[in-house]
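K.L.:
My structure file entry_0.cif, mmCIF, C-alpha atoms, is below:
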data_work
#
loop_
_atom_site.group_PDB
_atom_site.id
_atom_site.type_symbol
_atom_site.label_atom_id
_atom_site.label_comp_id
_atom_site.auth_asym_id
_atom_site.auth_seq_id
_atom_site.Cartn_x
_atom_site.Cartn_y
_atom_site.Cartn_z
ATOM 1 C CA MET D 1 5.918 8.144 41.052
ATOM 2 C CA ILE D 2 7.882 6.899 38.111
ATOM 3 C CA ASN D 3 11.569 6.530 38.517
ATOM 4 C CA ILE D 4 13.678 7.488 35.501
ATOM 5 C CA GLN D 5 16.140 4.859 36.687
ATOM 6 C CA SER D 6 13.586 2.196 35.826
ATOM 7 C CA LEU D 7 13.905 3.009 32.108
ATOM 8 C CA ASN D 8 15.587 0.175 30.288
ATOM 9 C CA LYS D 9 19.249 1.112 29.809
ATOM 10 C CA GLU D 10 19.504 -1.132 26.775
ATOM 11 C CA PHE D 11 17.207 1.166 24.828
ATOM 12 C CA GLU D 12 18.938 4.413 25.665
ATOM 13 C CA SER D 13 20.562 4.924 22.270
ATOM 14 C CA ARG D 14 18.551 6.212 19.353
ATOM 15 C CA VAL D 15 19.966 3.487 17.101
ATOM 16 C CA ARG D 16 18.687 0.723 19.388
ATOM 17 C CA LEU D 17 15.293 2.394 19.642
ATOM 18 C CA GLY D 18 15.271 2.519 15.848
ATOM 19 C CA ILE D 19 16.209 -1.150 15.461
ATOM 20 C CA MET D 20 13.547 -2.229 17.950
ATOM 21 C CA SER D 21 10.803 -0.061 16.476
ATOM 22 C CA ILE D 22 11.431 -1.395 12.978
ATOM 23 C CA LEU D 23 11.600 -5.025 14.062
ATOM 24 C CA ILE D 24 8.508 -4.805 16.226
ATOM 25 C CA VAL D 25 6.252 -3.997 13.260
ATOM 26 C CA ASN D 26 7.952 -6.301 10.738
ATOM 27 C CA ASP D 27 8.906 -9.937 10.474
ATOM 28 C CA TRP D 28 12.483 -10.745 9.370
ATOM 29 C CA VAL D 29 14.287 -7.591 8.151
ATOM 30 C CA ASP D 30 17.672 -7.911 6.458
ATOM 31 C CA PHE D 31 20.849 -5.975 7.226
ATOM 32 C CA ILE D 32 20.800 -3.730 4.168
ATOM 33 C CA GLU D 33 17.192 -2.689 4.578
ATOM 34 C CA LEU D 34 17.697 -1.993 8.281
ATOM 35 C CA LYS D 35 20.803 0.051 7.536
ATOM 36 C CA ASP D 36 19.002 2.091 4.868
ATOM 37 C CA LEU D 37 16.025 2.779 7.114
ATOM 38 C CA LEU D 38 18.185 3.901 10.013
ATOM 39 C CA GLN D 39 20.788 5.629 7.827
ATOM 40 C CA ILE D 40 23.702 4.415 9.893
ATOM 41 C CA THR D 41 27.004 2.705 9.084
ATOM 42 C CA ASP D 42 27.603 -1.046 8.873
ATOM 43 C CA GLY D 43 29.737 -1.092 12.012
ATOM 44 C CA ASN D 44 27.251 0.943 14.000
ATOM 45 C CA LEU D 45 24.388 -1.396 13.121
ATOM 46 C CA ALA D 46 26.517 -4.500 13.737
ATOM 47 C CA SER D 47 27.600 -3.437 17.223
ATOM 48 C CA HIS D 48 24.162 -2.285 18.381
ATOM 49 C CA SER D 49 22.426 -5.338 16.976
ATOM 50 C CA SER D 50 24.849 -7.744 18.624
ATOM 51 C CA ALA D 51 24.328 -5.955 21.936
ATOM 52 C CA LEU D 52 20.573 -6.438 21.567
ATOM 53 C CA GLU D 53 21.124 -10.055 20.623
ATOM 54 C CA LYS D 54 23.244 -10.616 23.721
ATOM 55 C CA LYS D 55 20.248 -9.478 25.781
ATOM 56 C CA ALA D 56 18.092 -11.914 23.757
ATOM 57 C CA TYR D 57 15.879 -9.045 22.598
ATOM 58 C CA ILE D 58 16.449 -9.872 18.947
ATOM 59 C CA GLU D 59 17.577 -12.943 17.054
ATOM 60 C CA ILE D 60 19.988 -12.928 14.153
ATOM 61 C CA LYS D 61 19.842 -15.306 11.192
ATOM 62 C CA LYS D 62 22.752 -15.705 8.823
ATOM 63 C CA GLU D 63 22.263 -17.512 5.545
ATOM 64 C CA PHE D 64 23.578 -17.619 2.002
ATOM 65 C CA VAL D 65 21.548 -16.379 -0.914
ATOM 66 C CA GLY D 66 23.475 -17.801 -3.840
ATOM 67 C CA LYS D 67 27.029 -16.883 -2.918
ATOM 68 C CA LYS D 68 26.179 -13.767 -0.934
ATOM 69 C CA PRO D 69 25.839 -13.925 2.832
ATOM 70 C CA LYS D 70 22.625 -12.406 4.144
ATOM 71 C CA THR D 71 21.947 -11.402 7.727
ATOM 72 C CA SER D 72 18.375 -10.942 8.934
ATOM 73 C CA TYR D 73 16.951 -9.775 12.220
ATOM 74 C CA ARG D 74 13.778 -10.485 14.137
ATOM 75 C CA VAL D 75 12.492 -9.411 17.528
ATOM 76 C CA THR D 76 12.103 -12.138 20.190
ATOM 77 C CA GLN D 77 9.179 -12.545 22.604
ATOM 78 C CA SER D 78 11.161 -11.099 25.490
ATOM 79 C CA GLY D 79 12.386 -8.263 23.269
ATOM 80 C CA ARG D 80 8.803 -7.418 22.342
ATOM 81 C CA LYS D 81 7.812 -7.412 25.992
ATOM 82 C CA ALA D 82 10.775 -5.282 27.094
ATOM 83 C CA PHE D 83 10.302 -2.747 24.313
ATOM 84 C CA THR D 84 6.564 -2.427 24.887
ATOM 85 C CA GLU D 85 7.184 -1.776 28.570
ATOM 86 C CA HIS D 86 9.811 0.788 27.643
ATOM 87 C CA LEU D 87 7.354 2.603 25.365
ATOM 88 C CA GLU D 88 4.655 2.612 28.040
ATOM 89 C CA LEU D 89 7.093 4.070 30.518
ATOM 90 C CA LEU D 90 8.168 6.779 28.075
ATOM 91 C CA GLU D 91 4.563 7.718 27.462
ATOM 92 C CA LYS D 92 3.852 7.910 31.188
ATOM 93 C CA LEU D 93 6.886 10.122 31.710
ATOM 94 C CA ILE D 94 5.633 12.571 29.118
ATOM 95 C CA LYS D 95 2.067 12.645 30.373
ATOM 96 C CA ARG D 96 3.209 13.282 33.923
ATOM 97 C CA LYS D 97 3.906 17.008 33.416
ATOM 98 C CA MET I 2 17.772 14.042 30.310
ATOM 99 C CA THR I 3 14.732 16.188 29.792
ATOM 100 C CA GLU I 4 11.176 15.367 28.888
ATOM 101 C CA ASN I 5 11.948 16.687 25.441
ATOM 102 C CA LYS I 6 14.294 13.798 24.870
ATOM 103 C CA TYR I 7 11.536 11.283 25.628
ATOM 104 C CA GLN I 8 9.164 13.148 23.376
ATOM 105 C CA ASP I 9 11.733 13.051 20.562
ATOM 106 C CA ASP I 10 12.362 9.369 21.230
ATOM 107 C CA LEU I 11 8.677 8.588 20.883
ATOM 108 C CA THR I 12 8.378 10.642 17.700
ATOM 109 C CA ALA I 13 11.392 8.870 16.216
ATOM 110 C CA ILE I 14 9.962 5.469 17.171
ATOM 111 C CA ARG I 15 6.579 6.227 15.589
ATOM 112 C CA SER I 16 8.122 7.480 12.366
ATOM 113 C CA MET I 17 10.419 4.434 12.149
ATOM 114 C CA MET I 18 7.510 2.056 12.668
ATOM 115 C CA GLU I 19 5.515 3.911 10.041
ATOM 116 C CA ARG I 20 8.304 4.186 7.513
ATOM 117 C CA SER I 21 9.406 0.562 7.817
ATOM 118 C CA SER I 22 6.002 -1.116 7.690
ATOM 119 C CA ARG I 23 3.969 1.075 5.374
ATOM 120 C CA PHE I 24 4.538 2.121 1.829
ATOM 121 C CA ILE I 25 4.248 5.895 2.112
ATOM 122 C CA SER I 26 5.479 6.966 -1.316
ATOM 123 C CA LEU I 27 2.094 6.384 -2.881
ATOM 124 C CA SER I 28 1.413 9.658 -4.614
ATOM 125 C CA GLY I 29 -1.931 11.407 -4.751
ATOM 126 C CA MET I 30 -0.955 12.404 -8.259
ATOM 127 C CA SER I 31 -1.171 8.738 -9.362
ATOM 128 C CA GLY I 32 -4.792 8.694 -8.206
ATOM 129 C CA ILE I 33 -5.611 11.870 -10.100
ATOM 130 C CA ALA I 34 -3.809 10.612 -13.228
ATOM 131 C CA ALA I 35 -5.539 7.214 -13.115
ATOM 132 C CA GLY I 36 -8.897 8.950 -12.676
ATOM 133 C CA VAL I 37 -8.376 11.346 -15.582
ATOM 134 C CA ILE I 38 -7.212 8.510 -17.848
ATOM 135 C CA ALA I 39 -10.271 6.453 -16.851
ATOM 136 C CA LEU I 40 -12.551 9.403 -17.660
ATOM 137 C CA LEU I 41 -10.899 9.843 -21.075
ATOM 138 C CA GLY I 42 -11.297 6.090 -21.639
ATOM 139 C CA ALA I 43 -14.975 6.308 -20.753
ATOM 140 C CA VAL I 44 -15.484 9.187 -23.189
ATOM 141 C CA PHE I 45 -13.728 7.167 -25.894
ATOM 142 C CA THR I 46 -15.942 4.152 -25.136
ATOM 143 C CA PHE I 47 -19.104 6.264 -25.386
ATOM 144 C CA TYR I 48 -17.751 7.457 -28.730
ATOM 145 C CA LEU I 49 -17.232 3.821 -29.842
ATOM 146 C CA PHE I 50 -20.846 3.058 -28.945
ATOM 147 C CA HIS I 51 -21.973 6.146 -30.799
ATOM 148 C CA GLN I 52 -20.005 5.026 -33.836
ATOM 149 C CA GLN I 53 -21.793 1.689 -33.683
ATOM 150 C CA GLY I 54 -24.981 3.635 -34.027
ATOM 151 C CA SER I 55 -26.191 2.710 -30.579
ATOM 152 C CA ASP I 56 -26.732 5.018 -27.654
ATOM 153 C CA TYR I 57 -25.220 3.344 -24.596
ATOM 154 C CA LEU I 58 -27.878 4.510 -22.166
ATOM 155 C CA SER I 59 -31.043 3.666 -24.067
ATOM 156 C CA ALA I 60 -30.207 1.056 -26.679
ATOM 157 C CA GLU I 61 -31.117 -2.593 -26.576
ATOM 158 C CA ARG I 62 -27.683 -4.077 -26.431
ATOM 159 C CA ASP I 63 -27.914 -7.772 -26.041
ATOM 160 C CA VAL I 64 -25.789 -8.609 -29.036
ATOM 161 C CA TYR I 65 -22.425 -7.081 -29.868
ATOM 162 C CA SER I 66 -20.355 -8.051 -32.858
ATOM 163 C CA PRO I 67 -17.088 -9.811 -32.023
ATOM 164 C CA GLU I 68 -15.060 -6.979 -33.621
ATOM 165 C CA PHE I 69 -16.798 -4.420 -31.444
ATOM 166 C CA LEU I 70 -16.148 -6.534 -28.356
ATOM 167 C CA ASN I 71 -12.497 -6.805 -29.261
ATOM 168 C CA GLN I 72 -12.344 -3.030 -29.644
ATOM 169 C CA LEU I 73 -13.853 -2.594 -26.174
ATOM 170 C CA ILE I 74 -11.484 -5.093 -24.575
ATOM 171 C CA ILE I 75 -8.432 -3.510 -26.229
ATOM 172 C CA THR I 76 -9.584 -0.069 -25.019
ATOM 173 C CA ALA I 77 -9.892 -1.431 -21.493
ATOM 174 C CA ILE I 78 -6.413 -2.983 -21.583
ATOM 175 C CA VAL I 79 -4.830 0.210 -22.975
ATOM 176 C CA ILE I 80 -6.478 2.315 -20.237
ATOM 177 C CA LEU I 81 -5.285 -0.127 -17.581
ATOM 178 C CA GLY I 82 -1.735 -0.031 -18.978
ATOM 179 C CA ILE I 83 -1.525 3.776 -19.134
ATOM 180 C CA SER I 84 -2.979 4.157 -15.610
ATOM 181 C CA LEU I 85 -0.502 1.653 -14.174
ATOM 182 C CA GLY I 86 2.371 3.399 -15.957
ATOM 183 C CA ALA I 87 1.299 6.806 -14.639
ATOM 184 C CA GLY I 88 0.859 5.401 -11.123
ATOM 185 C CA ILE I 89 4.337 3.871 -11.137
ATOM 186 C CA TYR I 90 5.869 7.056 -12.569
ATOM 187 C CA PHE I 91 4.376 9.401 -9.940
ATOM 188 C CA THR I 92 5.177 6.981 -7.113
ATOM 189 C CA MET I 93 8.813 6.662 -8.176
ATOM 190 C CA ARG I 94 9.036 10.436 -8.467
ATOM 191 C CA LYS I 95 7.679 10.910 -4.961
ATOM 192 C CA SER I 96 10.033 8.287 -3.486
ATOM 193 C CA ARG I 97 13.005 9.973 -5.098
ATOM 194 C CA ARG I 98 11.944 13.341 -3.690
ATOM 195 C CA MET I 99 11.510 11.879 -0.221
ATOM 196 C CA GLY I 100 14.809 10.027 -0.558
ATOM 197 C CA LEU I 101 13.168 6.671 0.118
ATOM 198 C CA LYS I 102 13.806 3.352 -1.533
ATOM 199 C CA VAL I 103 10.942 2.084 -3.672
ATOM 200 C CA TRP I 104 11.753 -1.611 -3.697
ATOM 201 C CA THR I 105 11.608 -2.821 -0.100
ATOM 202 C CA ASN I 106 9.968 -5.773 1.638
ATOM 203 C CA THR I 107 6.967 -3.581 2.383
ATOM 204 C CA THR I 108 6.533 -2.851 -1.323
ATOM 205 C CA LYS I 109 6.716 -6.576 -2.005
ATOM 206 C CA TYR I 110 4.033 -7.370 0.590
ATOM 207 C CA LEU I 111 1.896 -4.520 -0.723
ATOM 208 C CA LEU I 112 2.074 -5.833 -4.288
ATOM 209 C CA ILE I 113 1.439 -9.455 -3.293
ATOM 210 C CA ASN I 114 -1.586 -8.473 -1.214
ATOM 211 C CA LEU I 115 -2.864 -6.315 -4.053
ATOM 212 C CA CYS I 116 -2.207 -8.831 -6.816
ATOM 213 C CA VAL I 117 -3.781 -11.942 -5.299
ATOM 214 C CA PRO I 118 -7.387 -10.622 -5.256
ATOM 215 C CA LEU I 119 -6.751 -8.636 -8.425
ATOM 216 C CA GLY I 120 -5.405 -11.690 -10.269
ATOM 217 C CA ALA I 121 -8.328 -13.806 -9.097
ATOM 218 C CA GLY I 122 -10.643 -11.018 -10.269
ATOM 219 C CA GLY I 123 -8.937 -10.881 -13.662
ATOM 220 C CA LEU I 124 -9.362 -14.628 -14.174
ATOM 221 C CA PHE I 125 -12.954 -14.411 -12.970
ATOM 222 C CA CYS I 126 -13.605 -11.695 -15.568
ATOM 223 C CA LEU I 127 -12.052 -13.857 -18.286
ATOM 224 C CA ALA I 128 -14.503 -16.593 -17.270
ATOM 225 C CA LEU I 129 -17.361 -14.061 -17.506
ATOM 226 C CA ILE I 130 -16.242 -13.111 -21.032
ATOM 227 C CA HIS I 131 -15.908 -16.803 -21.900
ATOM 228 C CA HIS I 132 -19.513 -17.401 -20.872
ATOM 229 C CA GLY I 133 -20.728 -14.218 -22.524
ATOM 230 C CA LEU I 134 -21.823 -12.612 -19.249
ATOM 231 C CA PHE I 135 -20.609 -9.141 -20.228
ATOM 232 C CA ALA I 136 -23.078 -7.258 -18.066
ATOM 233 C CA LEU I 137 -21.349 -8.629 -14.955
ATOM 234 C CA LEU I 138 -17.886 -7.386 -15.986
ATOM 235 C CA ALA I 139 -18.139 -3.882 -14.541
ATOM 236 C CA PRO I 140 -19.565 -4.982 -11.158
ATOM 237 C CA ALA I 141 -17.002 -7.806 -10.914
ATOM 238 C CA THR I 142 -14.007 -5.559 -11.644
ATOM 239 C CA LEU I 143 -15.204 -3.015 -9.062
ATOM 240 C CA VAL I 144 -15.820 -5.689 -6.414
ATOM 241 C CA PHE I 145 -12.433 -7.358 -6.887
ATOM 242 C CA TYR I 146 -10.625 -4.013 -7.096
ATOM 243 C CA GLY I 147 -12.269 -2.941 -3.840
ATOM 244 C CA LEU I 148 -11.283 -6.198 -2.123
ATOM 245 C CA ALA I 149 -7.714 -5.887 -3.418
ATOM 246 C CA LEU I 150 -7.421 -2.346 -2.019
ATOM 247 C CA ILE I 151 -8.829 -3.399 1.351
ATOM 248 C CA ASN I 152 -6.387 -6.304 1.455
ATOM 249 C CA ALA I 153 -3.371 -4.148 0.539
ATOM 250 C CA SER I 154 -4.300 -1.218 2.780
ATOM 251 C CA LYS I 155 -2.476 -2.609 5.813
ATOM 252 C CA TYR I 156 0.798 -1.966 4.000
ATOM 253 C CA THR I 157 0.083 1.627 3.010
ATOM 254 C CA TYR I 158 -2.059 4.621 3.962
ATOM 255 C CA THR I 159 -5.280 3.793 5.824
ATOM 256 C CA GLU I 160 -7.198 5.928 3.329
ATOM 257 C CA ILE I 161 -6.758 3.136 0.779
ATOM 258 C CA TYR I 162 -8.963 0.975 3.014
ATOM 259 C CA TYR I 163 -11.850 3.414 2.705
ATOM 260 C CA LEU I 164 -11.337 3.812 -1.040
ATOM 261 C CA GLY I 165 -11.544 0.001 -1.234
ATOM 262 C CA LEU I 166 -14.764 -0.064 0.794
ATOM 263 C CA ILE I 167 -16.405 2.506 -1.489
ATOM 264 C CA GLU I 168 -15.289 0.675 -4.659
ATOM 265 C CA LEU I 169 -16.639 -2.573 -3.200
ATOM 266 C CA LEU I 170 -19.969 -0.969 -2.317
ATOM 267 C CA LEU I 171 -20.222 0.554 -5.787
ATOM 268 C CA GLY I 172 -19.520 -2.862 -7.327
ATOM 269 C CA ILE I 173 -22.238 -4.498 -5.226
ATOM 270 C CA ILE I 174 -24.756 -1.798 -6.234
ATOM 271 C CA ALA I 175 -23.700 -2.261 -9.868
ATOM 272 C CA CYS I 176 -24.555 -5.978 -9.577
ATOM 273 C CA PHE I 177 -28.207 -4.997 -9.184
ATOM 274 C CA TRP I 178 -28.161 -2.352 -11.911
ATOM 275 C CA LEU I 179 -26.817 -4.367 -14.800
ATOM 276 C CA GLY I 180 -26.549 -2.478 -18.066
ATOM 277 C CA TYR I 181 -25.140 0.660 -16.483
ATOM 278 C CA GLY I 182 -21.667 -0.820 -16.194
ATOM 279 C CA LEU I 183 -19.938 1.989 -18.016
ATOM 280 C CA ILE I 184 -21.491 4.574 -15.703
ATOM 281 C CA PHE I 185 -20.378 2.658 -12.605
ATOM 282 C CA TRP I 186 -16.949 2.184 -14.126
ATOM 283 C CA THR I 187 -16.648 5.910 -14.815
ATOM 284 C CA VAL I 188 -17.636 6.743 -11.240
ATOM 285 C CA GLY I 189 -15.512 4.000 -9.615
ATOM 286 C CA PHE I 190 -12.318 4.259 -11.612
ATOM 287 C CA GLY I 191 -12.609 7.866 -12.779
ATOM 288 C CA LEU I 192 -14.384 10.074 -10.279
ATOM 289 C CA LEU I 193 -13.401 8.218 -7.086
ATOM 290 C CA HIS I 194 -9.720 8.100 -8.087
ATOM 291 C CA ILE I 195 -9.676 11.821 -8.808
ATOM 292 C CA ILE I 196 -11.371 12.719 -5.507
ATOM 293 C CA TYR I 197 -9.145 10.307 -3.582
ATOM 294 C CA GLY I 198 -5.988 11.517 -5.347
ATOM 295 C CA PHE I 199 -6.858 15.123 -4.678
ATOM 296 C CA LEU I 200 -7.483 14.485 -0.962
ATOM 297 C CA MET I 201 -4.239 12.502 -0.632
ATOM 298 C CA TYR I 202 -2.265 15.131 -2.486
ATOM 299 C CA ARG I 203 -3.471 17.773 -0.053
ATOM 300 C CA LYS I 204 -2.884 15.600 2.997
ATOM 301 C CA TYR I 205 0.541 14.179 2.055
ATOM 302 C CA PRO I 206 2.040 16.550 -0.518
#
Translate this structure into structure tokens?

P.N.:
Amino acid sequence: MINIQSLNKEFESRVRLGIMSILIVNDWVDFIELKDLLQITDGNLASHSSALEKKAYIEIKKEFVGKKPKTSYRVTQSGRKAFTEHLELLEKLIKRK
Amino acid sequence: MTENKYQDDLTAIRSMMERSSRFISLSGMSGIAAGVIALLGAVFTFYLFHQQGSDYLSAERDVYSPEFLNQLIITAIVILGISLGAGIYFTMRKSRRMGLKVWTNTTKYLLINLCVPLGAGGLFCLALIHHGLFALLAPATLVFYGLALINASKYTYTEIYYLGLIELLLGIIACFWLGYGLIFWTVGFGLLHIIYGFLMYRKYP
């Protein structure tokens, strides 16, 4: 029996699922590209990404390219593990009909 | 919280993974256009040979005049240029229709992975010309083109991988059938591109 409660709460929002699924198949992805792919606002991306960073699921790199600040994101080992488990659980839930 | 939500979640995840890591704006139309241009180029080249008074398929053709060689090389470069232009045009058009950005990291990786084997192949072909080994040009271009496609396929549709394999195989066969370069070229760059483009256009309109 699979308990729905065991689903990772951190991945409940569609935005966080989106961030994780993009980062899991790419290396560093920058803020603008992530925002364009997800089609969300700056603030939305910033708040969800910092929540994921707090959980150490992703890491954030800030650097300057010329005079412009550039923020990039990458998934961490524990983030990869947590997200993969989440996906497996989702798949099991669907197959269980 | 229904099962539908999980199903939607999974669908969204798959499409995000796909869209962010693969270049999916590649248009089948570019394949068809490149193929048609290659066929026209081949017809023009046969015409050039005819004008020289030699029949490509049966003539002894060990010695070409430098002017004739230049003509052939210029034809090849023009065909390459027009095909690339058409490919870029149709791809941009498709991206715009799908509302996707063309210039992303994935595009960059795709181009780098395509250009490294292709560039090496180009230089290799220059060396072949330098040494007068013209018969090996067609097999070499097909082999390197096939390798480049295989290398780049991880950043775009999987079908590109199989196109690359077939081009590579054709190039290897051509290595053992020297003197029929133009025929192999016509099949590899003309026919295969048209078939591939047509299949892709039907699969991902």

K.L.:
Please evaluate the PyMOL selection byres ((chain D) within 12 of (chain I)) against the displayed coordinates and give the resulting residues as a VMD selection string.

P.N.:
chain D and resid 4 to 5 7 11 to 30 32 to 39 83 to 84 86 to 97

K.L.:
Can I get the selected residues back with C-alpha atoms, as an mmCIF file, in the frame of the given file?

P.N.:
data_model
loop_
_atom_site.group_PDB
_atom_site.id
_atom_site.type_symbol
_atom_site.label_atom_id
_atom_site.label_comp_id
_atom_site.auth_asym_id
_atom_site.auth_seq_id
_atom_site.Cartn_x
_atom_site.Cartn_y
_atom_site.Cartn_z
ATOM 1 C CA ILE D 4 13.678 7.488 35.501
ATOM 2 C CA GLN D 5 16.140 4.859 36.687
ATOM 3 C CA LEU D 7 13.905 3.009 32.108
ATOM 4 C CA PHE D 11 17.207 1.166 24.828
ATOM 5 C CA GLU D 12 18.938 4.413 25.665
ATOM 6 C CA SER D 13 20.562 4.924 22.270
ATOM 7 C CA ARG D 14 18.551 6.212 19.353
ATOM 8 C CA VAL D 15 19.966 3.487 17.101
ATOM 9 C CA ARG D 16 18.687 0.723 19.388
ATOM 10 C CA LEU D 17 15.293 2.394 19.642
ATOM 11 C CA GLY D 18 15.271 2.519 15.848
ATOM 12 C CA ILE D 19 16.209 -1.150 15.461
ATOM 13 C CA MET D 20 13.547 -2.229 17.950
ATOM 14 C CA SER D 21 10.803 -0.061 16.476
ATOM 15 C CA ILE D 22 11.431 -1.395 12.978
ATOM 16 C CA LEU D 23 11.600 -5.025 14.062
ATOM 17 C CA ILE D 24 8.508 -4.805 16.226
ATOM 18 C CA VAL D 25 6.252 -3.997 13.260
ATOM 19 C CA ASN D 26 7.952 -6.301 10.738
ATOM 20 C CA ASP D 27 8.906 -9.937 10.474
ATOM 21 C CA TRP D 28 12.483 -10.745 9.370
ATOM 22 C CA VAL D 29 14.287 -7.591 8.151
ATOM 23 C CA ASP D 30 17.672 -7.911 6.458
ATOM 24 C CA ILE D 32 20.800 -3.730 4.168
ATOM 25 C CA GLU D 33 17.192 -2.689 4.578
ATOM 26 C CA LEU D 34 17.697 -1.993 8.281
ATOM 27 C CA LYS D 35 20.803 0.051 7.536
ATOM 28 C CA ASP D 36 19.002 2.091 4.868
ATOM 29 C CA LEU D 37 16.025 2.779 7.114
ATOM 30 C CA LEU D 38 18.185 3.901 10.013
ATOM 31 C CA GLN D 39 20.788 5.629 7.827
ATOM 32 C CA PHE D 83 10.302 -2.747 24.313
ATOM 33 C CA THR D 84 6.564 -2.427 24.887
ATOM 34 C CA HIS D 86 9.811 0.788 27.643
ATOM 35 C CA LEU D 87 7.354 2.603 25.365
ATOM 36 C CA GLU D 88 4.655 2.612 28.040
ATOM 37 C CA LEU D 89 7.093 4.070 30.518
ATOM 38 C CA LEU D 90 8.168 6.779 28.075
ATOM 39 C CA GLU D 91 4.563 7.718 27.462
ATOM 40 C CA LYS D 92 3.852 7.910 31.188
ATOM 41 C CA LEU D 93 6.886 10.122 31.710
ATOM 42 C CA ILE D 94 5.633 12.571 29.118
ATOM 43 C CA LYS D 95 2.067 12.645 30.373
ATOM 44 C CA ARG D 96 3.209 13.282 33.923
ATOM 45 C CA LYS D 97 3.906 17.008 33.416
#

K.L.:
Carefully work through the PyMOL selection byres ((chain D and resi 79) around 9) for this structure and note down the residues it includes, as a PyMOL selection string.

P.N.:
chain D and resi 20+24+52+55-58+75-78+80-84

K.L.:
Which centre and edge lengths in Å to one decimal define the box along x, y and z that fits every listed atom of range 24-40 of chain I plus 8 Å per side, as lines of an AutoDock Vina configuration file?

P.N.:
center_x = -3.5
center_y = 7.3
center_z = -7.9
size_x = 34.0
size_y = 26.3
size_z = 36.0

K.L.:
Which polymer residues have any atom within 9 Å of an atom of range 171-188 of chain I, counting only C-alpha atoms, with same-chain residues fewer than 6 positions away left out, as a PyMOL selection string?

P.N.:
chain I and resi 36+39-40+42-43+46-47+57-58+62+136-147+194

K.L.:
List, as a tab-separated table (two decimals) with C-alpha atoms, keeping the file's coordinate frame, every residue that the PyMOL selection byres ((chain I and resi 152-164) around 6) selects in the file provided.

P.N.:
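Dumped to out.tsv:
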chain	number	residue	atom	x	y	z
I	23	ARG	CA	3.97	1.08	5.37
I	24	PHE	CA	4.54	2.12	1.83
I	111	LEU	CA	1.90	-4.52	-0.72
I	114	ASN	CA	-1.59	-8.47	-1.21
I	115	LEU	CA	-2.86	-6.32	-4.05
I	149	ALA	CA	-7.71	-5.89	-3.42
I	150	LEU	CA	-7.42	-2.35	-2.02
I	151	ILE	CA	-8.83	-3.40	1.35
I	165	GLY	CA	-11.54	0.00	-1.23
I	166	LEU	CA	-14.76	-0.06	0.79
I	167	ILE	CA	-16.40	2.51	-1.49

K.L.:
If I take CA of Gly43 in chain D and CA of Thr71 in chain D, how far is one from the other in Å, to one decimal?

P.N.:
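Computing it gives 13.6 Å between the two atoms.
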
K.L.:
What separation in Å, quoted to one decimal, exists between CA of Ile33 in chain I and CA of Phe199 in chain I?

P.N.:
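That distance, rounded to one decimal, is 6.4 Å.
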
K.L.:
Between CA of Lys9 in chain D and CA of Lys70 in chain D, what distance in Å does the model show, to one decimal?

P.N.:
29.2 Å

K.L.:
Which residue out of I:Ala77, I:Leu27, I:Ala34, I:Ala87 has the minimum interatomic distance to Thr108 in chain I when all atoms listed in the file are used?

P.N.:
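Distance minimum relative to Thr108 in chain I lands on I:Leu27.
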
K.L.:
Between D:Ile40, D:Ile60, D:Arg74, D:Glu85, single out the one closest to Ser6 in chain D, counting all atoms listed in the file.

P.N.:
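The shortest atom-to-atom distance to Ser6 in chain D comes from D:Glu85.
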